[in-house]
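Participant: Next up is a structure, given as structure tokens.
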Amino acid sequence: MPLEGRTKQDVLSEFRCAEILTAARGVFARKGFQAATMDDIAGAAGVGKGTLYLYYRSKRDIYLASLEHGLRALSALTAAEVAAAARIEDKIRAFVLTKVRYFDEQRDFYRIYHAEFGNVVAHPSCLPDELMALYLQQVQQLEQAIQQAVDRGEIRPVQAGTVAFAIFEITRGIITQRLLDRTGSRAEDDGAFIVDLIWKGIGNR
């Protein structure tokens, strides 16, 4: 019986794809894209290599799908948490903490995410436009919230896009430190540090 327009086979296929992508992220995180093989991914997923080709045409397709899967989940989660917060200070905190917690739990994904987007200016990559759009969507969500706060007089006049990117990059730096085990602080403490740092620059005085 169809479930929300999907058949049982659709649900099973989505589940199998999610398993494959989770396994693939671990392989890519450990070995890098070039060194990883379809055999490695099949072994990690516990399936035959032929099964991979039922769902994906190539290693690159799996790689791109794993990036898209993680980006969509992160973008949706961040959007929901930011929208649920009332004040701009709380929205910034929600943005930062959501990303820090997500990558704390998805460390394999962060490693391939960082490999592709760690320096988007010097390395624009050959990624499809839709993946770059998903990446930038995170900043745009925050930029919109900041601009609305400026318009309401909740914070002093600032360039919303510049502030959003600054928060985005500071947050990425903290996440990198955490994954390198260079900080022993809780996610909440790191989030509070970033919010306090930003708020001193944009809050009304």
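In the structure tokens, chains take the letters A, B, ... in the order shown, each chain's residues start at 1, and ligands count up from 1 in the order shown.
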Going by DSSP on the backbone, which bits of chain A are helix (DSSP H, G or I)? Write them as an MDAnalysis selection string, please.
Facilitator: chainID A and resid 8:35 38:45 49:55 59:84 88:105 107:117 129:152 160:179 187:202
Participant: Contacts of A:Gly43 at 12 Å or less, counting only C-alpha atoms, minus same-chain residues fewer than 2 places along, as an MDAnalysis selection string?
Facilitator: chainID A and resid 19:20 23:24 26:27 36:41 45:52
Participant: I need the chosen residues saved as a compact mmCIF listing (two decimals), in the first residue's frame, with C-alpha atoms.
Facilitator:
# COMPACT_ATOMS: atom_id res chain seq x y z
CA GLU A 19 22.88 2.88 4.34
CA ILE A 20 25.16 3.03 1.32
CA ALA A 23 29.08 3.74 4.64
CA ALA A 24 30.50 5.76 1.73
CA GLY A 26 33.14 6.76 6.26
CA VAL A 27 35.25 5.43 3.40
CA ALA A 36 38.51 5.11 -2.19
CA THR A 37 37.15 2.33 -4.40
CA MET A 38 33.73 0.87 -5.10
CA ASP A 39 34.96 -2.33 -3.45
CA ASP A 40 35.77 -0.34 -0.30
CA ILE A 41 32.30 1.18 -0.25
CA ALA A 45 28.00 -1.13 3.35
CA GLY A 46 27.90 -4.92 3.58
CA VAL A 47 26.64 -5.36 0.01
CA GLY A 48 28.05 -6.69 -3.23
CA LYS A 49 29.63 -4.21 -5.61
CA GLY A 50 26.91 -5.02 -8.15
CA THR A 51 24.33 -3.75 -5.67
CA LEU A 52 26.01 -0.33 -5.64
Participant: Between A:Tyr113, A:Phe165, A:Phe193, A:Tyr63, which one has atoms that come closest to A:Ile146, using only C-alpha atoms?
Facilitator: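 Selected residue with least distance to A:Ile146: A:Phe165.
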Participant: Determine the nearest neighbour of A:Phe95 from the options A:Gly191, A:Gly203, A:Gly153, A:Pro128, counting only C-alpha atoms.
Facilitator: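 Looking at the shortest contact to A:Phe95, the residue is A:Gly191.
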Participant: If we count only C-alpha atoms, what is near A:Ala115 at a cut-off of 10 Å, once residues fewer than 6 positions away on the same chain are taken out, given as a PyMOL selection string?
Facilitator: chain A and resi 29+32-33+109+123
Participant: If you count only C-alpha atoms, which residues fall within 10 Å of A:Ala166, apart from same-chain ones fewer than 5 positions away, as a count of residues only?
Facilitator: 6
Participant: Considering only C-alpha atoms, tabulate each residue of stretch 110-182 of chain A that lies at most 8 Å from stretch 84-88 of chain A along with its nearest interatomic pair and the corresponding distance in Å to one decimal; arrange the rows by chain and ascending residue number and present them as a tab-separated table.
Facilitator:
residue	atom	partner	partner_atom	distance
A:Ala145	CA	A:Ile88	CA	6.9
A:Ile146	CA	A:Ile88	CA	6.8
A:Ala149	CA	A:Ile88	CA	6.3
A:Glu154	CA	A:Ile88	CA	7.7
Participant: Residues as selected, N, CA and C atoms, written as a JSON list (two decimals), in the first residue's frame, can you do that?
Facilitator:
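out-v3.json, freshly written:
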[["chain", "number", "residue", "atom", "x", "y", "z"],
["A", 145, "ALA", "N", 17.61, 36.50, 8.37],
["A", 145, "ALA", "CA", 17.23, 36.78, 9.76],
["A", 145, "ALA", "C", 17.92, 38.05, 10.27],
["A", 146, "ILE", "N", 19.20, 38.23, 9.90],
["A", 146, "ILE", "CA", 19.93, 39.42, 10.34],
["A", 146, "ILE", "C", 19.36, 40.68, 9.70],
["A", 149, "ALA", "N", 16.27, 41.71, 11.43],
["A", 149, "ALA", "CA", 16.59, 42.32, 12.73],
["A", 149, "ALA", "C", 17.05, 43.77, 12.56],
["A", 154, "GLU", "N", 16.38, 45.99, 15.85],
["A", 154, "GLU", "CA", 16.78, 45.09, 16.94],
["A", 154, "GLU", "C", 18.29, 45.08, 17.12]]
Participant: Just give me the gap between atom CA of A:Lys200 and atom CA of A:Leu74 in Å, one decimal is fine.
Facilitator: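 If I compute the distance from atom CA of A:Lys200 to atom CA of A:Leu74, I get 27.2 Å.
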